[in-house]
Amino acid sequence: MNHPQLTPEDIAARARRVSALPGVVRIGAEQVQASDGRAEDPVLRDLRFYRGLTDMRMRTSRESEWGVYIAESSKVLRRALDAGHEPLSFLMSDKWADDLADVLSARPEVPAYVAAEDVLEGLTGFHLHRGALAVMRRPRPVGLADLLERLRPTASSGGAPRRSRIAVFENMVDHTNLGAAFRSAAALGVDAVLVTPSCADPLYRRSIRVSMGTVFQVPWTRIGSWPEDIRVLQEAGYVVAGMTLGEGAVELDELVAEDHEALALVFGTEGHGLTPGADRRLDRRVTIPMMQGVDSLNVAASCAVAFYATR
Ligand SMILES: C[S@@+](CC[C@H](N)C(=O)[O-])C[C@H]1O[C@@H](n2cnc3c(N)ncnc32)[C@H](O)[C@@H]1O
């Protein structure tokens with residue numbers, strides 16, 4: 001549906017402005033029907049990345065294999081570009097192409113597919129409330145050693161010990177929780193996030209959206225060997241503290257009072273909490289006391305509390 005305030009003349013003028021932008025390619029229902037991935041046509045090849053966006057299982061297994069991720073909404077798209085990520089194509093209605101004219105004009109080499117809203121819905125499988133989508137190239141993953149190296153004190157800081165905070169998300173499976181946890185990490189000064197091999201994908205559309213694009217701001221990597229790599233953190237000088245509801249844990253205030261220069265906080269999966277393998281290797285086991293007989297906090301809520309307390 002078109003915006004109610006716009007007259008037919010406004011809509012026609014907008015369509016002309018959009019058609020004059022570099023990179024704009026108008027697509028219709030025929031291309032959407034043909035974009036099944038087998039086509040040799042470059043337009044159809046680009047469009048197949050937008051197909052089946054609501055199929056979470058397929059997307060989570062295929063996007064990293066394809067080396068891409070989907071940025072959704074103009075705000076997220078701008079944040080991804082600000083972070084230096086490379087767009088491979090854009091997809092949007094006239095309304096959002098007009099709104100993103102500066103972005104499209106600055107990247108004339110990137111195809112910007114523009115279509116009517118029902119055509120977009122036919123392709124992606126959902127109504128694009130937030131307007132714009134982009135297929136982005138996944139940034140090359142940074143290794144754990146490189147990431148830790150970047151957090152070390154540098155000569156320019158006089159080599160003085162640098163207060164450092166790392167968050168480790170062990171097997172967090174819910175993309176909403178993961179996005180919310182990244183948002184807290186960014187807002188509360190966590191220097192880097194590590195996700196374990198079975199953790200959900202921080203670059204899945206929903207994680208990015210819930211994080212408000214902060215997954216592009218906080219340096220993060222996927223750990224190759226978990227829980228063995230807890231040792232790598234310890235050797236780099238981090239006190240590794242697991243957030244747990246298990247027996248014998250100290251209260252968060254006690255950890256805060258210890259005031260560690262370098263602290264890595266490990267959070268467990270939504271269902272079962274920390275794995276026994278990780279639990280055994282921890283330097284500290286820490287709990288956030290709760291009231292009213294509540295048995296646990298949502299994992300993203302526990303991240304916000306712990307990040308703030310230990311900042
Ligand atoms: C929903 S909880 C998992 C509950 C699970 N039944 C257990 O016993 O750990 C998910 C994660 O959030 C963190 N968490 C939640 N509430 C917490 C609390 N009160 N104190 C410390 N960590 C907490 C822990 O890292 C936990 O592994």
# chains A, B, ... in the order shown; residues from 1 in each chain; ligands from 1

$ residues_around --residues "Val299 of chain A" --least-positions-apart "3" --cutoff "8 Å" --atoms "only C-alpha atoms" --output "NGL selection string"
:A and (177 or 181 or 267-270 or 302-303)

$ residues_near_ligand --ligand "ligand 1" --cutoff "6 Å" --atoms "only C-alpha atoms and all ligand atoms" --output "VMD selection string"
chain A and resid 243 to 245 267 to 274 287 to 290 296 to 299 302

$ residues_around --residues "Val18 of chain A" --least-positions-apart "3" --cutoff "6 Å" --atoms "only C-alpha atoms" --output "list in words"
Ala15, Leu21 and Asp98 of chain A

$ residues_around --residues "Phe182 of chain A" --least-positions-apart "5" --cutoff "9 Å" --atoms "only C-alpha atoms" --output "PyMOL selection string"
chain A and resi 177+187+193+202+207+210-211+214-215+218+300

$ closest_residue --among "A:Val305, A:Ala106, A:Met291, A:Ala264" --to "Leu188 of chain A" --atoms "only C-alpha atoms"
A:Val305

$ closest_atom_pairs --of "segment 233-293 of chain A" --to "segment 125-148 of chain A" --cutoff "12 Å" --atoms "only C-alpha atoms" --output "JSON lines"
{"residue": "A:Leu233", "atom": "CA", "partner": "A:Leu148", "partner_atom": "CA", "distance": 8.2}
{"residue": "A:Gln234", "atom": "CA", "partner": "A:Leu148", "partner_atom": "CA", "distance": 11.2}
{"residue": "A:Glu235", "atom": "CA", "partner": "A:Leu148", "partner_atom": "CA", "distance": 10.6}
{"residue": "A:Ala236", "atom": "CA", "partner": "A:Leu148", "partner_atom": "CA", "distance": 7.4}
{"residue": "A:Gly237", "atom": "CA", "partner": "A:Leu148", "partner_atom": "CA", "distance": 10.1}
{"residue": "A:Tyr238", "atom": "CA", "partner": "A:Leu148", "partner_atom": "CA", "distance": 10.2}
{"residue": "A:Ala262", "atom": "CA", "partner": "A:Leu148", "partner_atom": "CA", "distance": 11.2}
{"residue": "A:Ala264", "atom": "CA", "partner": "A:Leu148", "partner_atom": "CA", "distance": 11.5}

$ atom_distance --atom1 "atom CA of Val286 of chain A" --atom2 "atom CA of Glu261 of chain A"
17.0 Å

$ closest_residue --among "A:Pro111, A:Gly67, A:Gly23, A:Pro8" --to "Leu47 of chain A" --atoms "only C-alpha atoms"
A:Pro111

$ residues_around --residues "Glu109 of chain A" --least-positions-apart "2" --cutoff "12 Å" --atoms "only C-alpha atoms" --output "VMD selection string"
chain A and resid 21 to 25 86 to 90 103 to 107 111 to 112

$ write_last_selection --atoms "N, CA and C atoms" --output "PDB file, in the first residue's frame"
ATOM      1  N   LEU A  21      18.414   6.940 -10.111  1.00  0.00           N
ATOM      2  CA  LEU A  21      19.564   6.650  -9.225  1.00  0.00           C
ATOM      3  C   LEU A  21      20.462   5.585  -9.856  1.00  0.00           C
ATOM      4  N   PRO A  22      21.784   5.675  -9.623  1.00  0.00           N
ATOM      5  CA  PRO A  22      22.669   4.662 -10.209  1.00  0.00           C
ATOM      6  C   PRO A  22      22.423   3.305  -9.571  1.00  0.00           C
ATOM      7  N   GLY A  23      22.544   2.264 -10.347  1.00  0.00           N
ATOM      8  CA  GLY A  23      22.439   0.899  -9.820  1.00  0.00           C
ATOM      9  C   GLY A  23      21.020   0.371  -9.725  1.00  0.00           C
ATOM     10  N   VAL A  24      20.008   1.248  -9.908  1.00  0.00           N
ATOM     11  CA  VAL A  24      18.625   0.784  -9.721  1.00  0.00           C
ATOM     12  C   VAL A  24      18.179  -0.126 -10.874  1.00  0.00           C
ATOM     13  N   VAL A  25      17.649  -1.295 -10.498  1.00  0.00           N
ATOM     14  CA  VAL A  25      17.106  -2.244 -11.476  1.00  0.00           C
ATOM     15  C   VAL A  25      15.695  -2.567 -11.007  1.00  0.00           C
ATOM     16  N   GLU A  86      30.704  -4.725   3.276  1.00  0.00           N
ATOM     17  CA  GLU A  86      30.529  -4.534   1.824  1.00  0.00           C
ATOM     18  C   GLU A  86      29.164  -5.052   1.352  1.00  0.00           C
ATOM     19  N   PRO A  87      28.343  -4.167   0.742  1.00  0.00           N
ATOM     20  CA  PRO A  87      27.055  -4.643   0.221  1.00  0.00           C
ATOM     21  C   PRO A  87      27.246  -5.317  -1.133  1.00  0.00           C
ATOM     22  N   LEU A  88      26.501  -6.418  -1.358  1.00  0.00           N
ATOM     23  CA  LEU A  88      26.558  -7.087  -2.669  1.00  0.00           C
ATOM     24  C   LEU A  88      25.348  -6.709  -3.514  1.00  0.00           C
ATOM     25  N   SER A  89      24.214  -6.436  -2.846  1.00  0.00           N
ATOM     26  CA  SER A  89      23.036  -5.913  -3.546  1.00  0.00           C
ATOM     27  C   SER A  89      22.074  -5.341  -2.516  1.00  0.00           C
ATOM     28  N   PHE A  90      21.150  -4.518  -3.011  1.00  0.00           N
ATOM     29  CA  PHE A  90      20.088  -3.956  -2.168  1.00  0.00           C
ATOM     30  C   PHE A  90      18.745  -4.403  -2.742  1.00  0.00           C
ATOM     31  N   VAL A 103      22.863   6.615  -0.061  1.00  0.00           N
ATOM     32  CA  VAL A 103      23.586   5.334   0.006  1.00  0.00           C
ATOM     33  C   VAL A 103      23.753   4.755  -1.403  1.00  0.00           C
ATOM     34  N   LEU A 104      22.660   4.756  -2.173  1.00  0.00           N
ATOM     35  CA  LEU A 104      22.713   4.162  -3.518  1.00  0.00           C
ATOM     36  C   LEU A 104      23.613   4.991  -4.431  1.00  0.00           C
ATOM     37  N   SER A 105      23.527   6.305  -4.312  1.00  0.00           N
ATOM     38  CA  SER A 105      24.346   7.169  -5.179  1.00  0.00           C
ATOM     39  C   SER A 105      25.832   6.975  -4.903  1.00  0.00           C
ATOM     40  N   ALA A 106      26.162   6.690  -3.637  1.00  0.00           N
ATOM     41  CA  ALA A 106      27.580   6.528  -3.276  1.00  0.00           C
ATOM     42  C   ALA A 106      28.136   5.178  -3.735  1.00  0.00           C
ATOM     43  N   ARG A 107      27.242   4.257  -4.146  1.00  0.00           N
ATOM     44  CA  ARG A 107      27.698   2.901  -4.550  1.00  0.00           C
ATOM     45  C   ARG A 107      27.068   2.509  -5.882  1.00  0.00           C
ATOM     46  N   PRO A 111      24.106  -3.363  -7.398  1.00  0.00           N
ATOM     47  CA  PRO A 111      22.730  -3.364  -7.906  1.00  0.00           C
ATOM     48  C   PRO A 111      21.718  -3.104  -6.793  1.00  0.00           C
ATOM     49  N   ALA A 112      20.772  -2.213  -7.074  1.00  0.00           N
ATOM     50  CA  ALA A 112      19.702  -1.909  -6.117  1.00  0.00           C
ATOM     51  C   ALA A 112      18.397  -2.347  -6.768  1.00  0.00           C
TER      52      ALA A 112
END
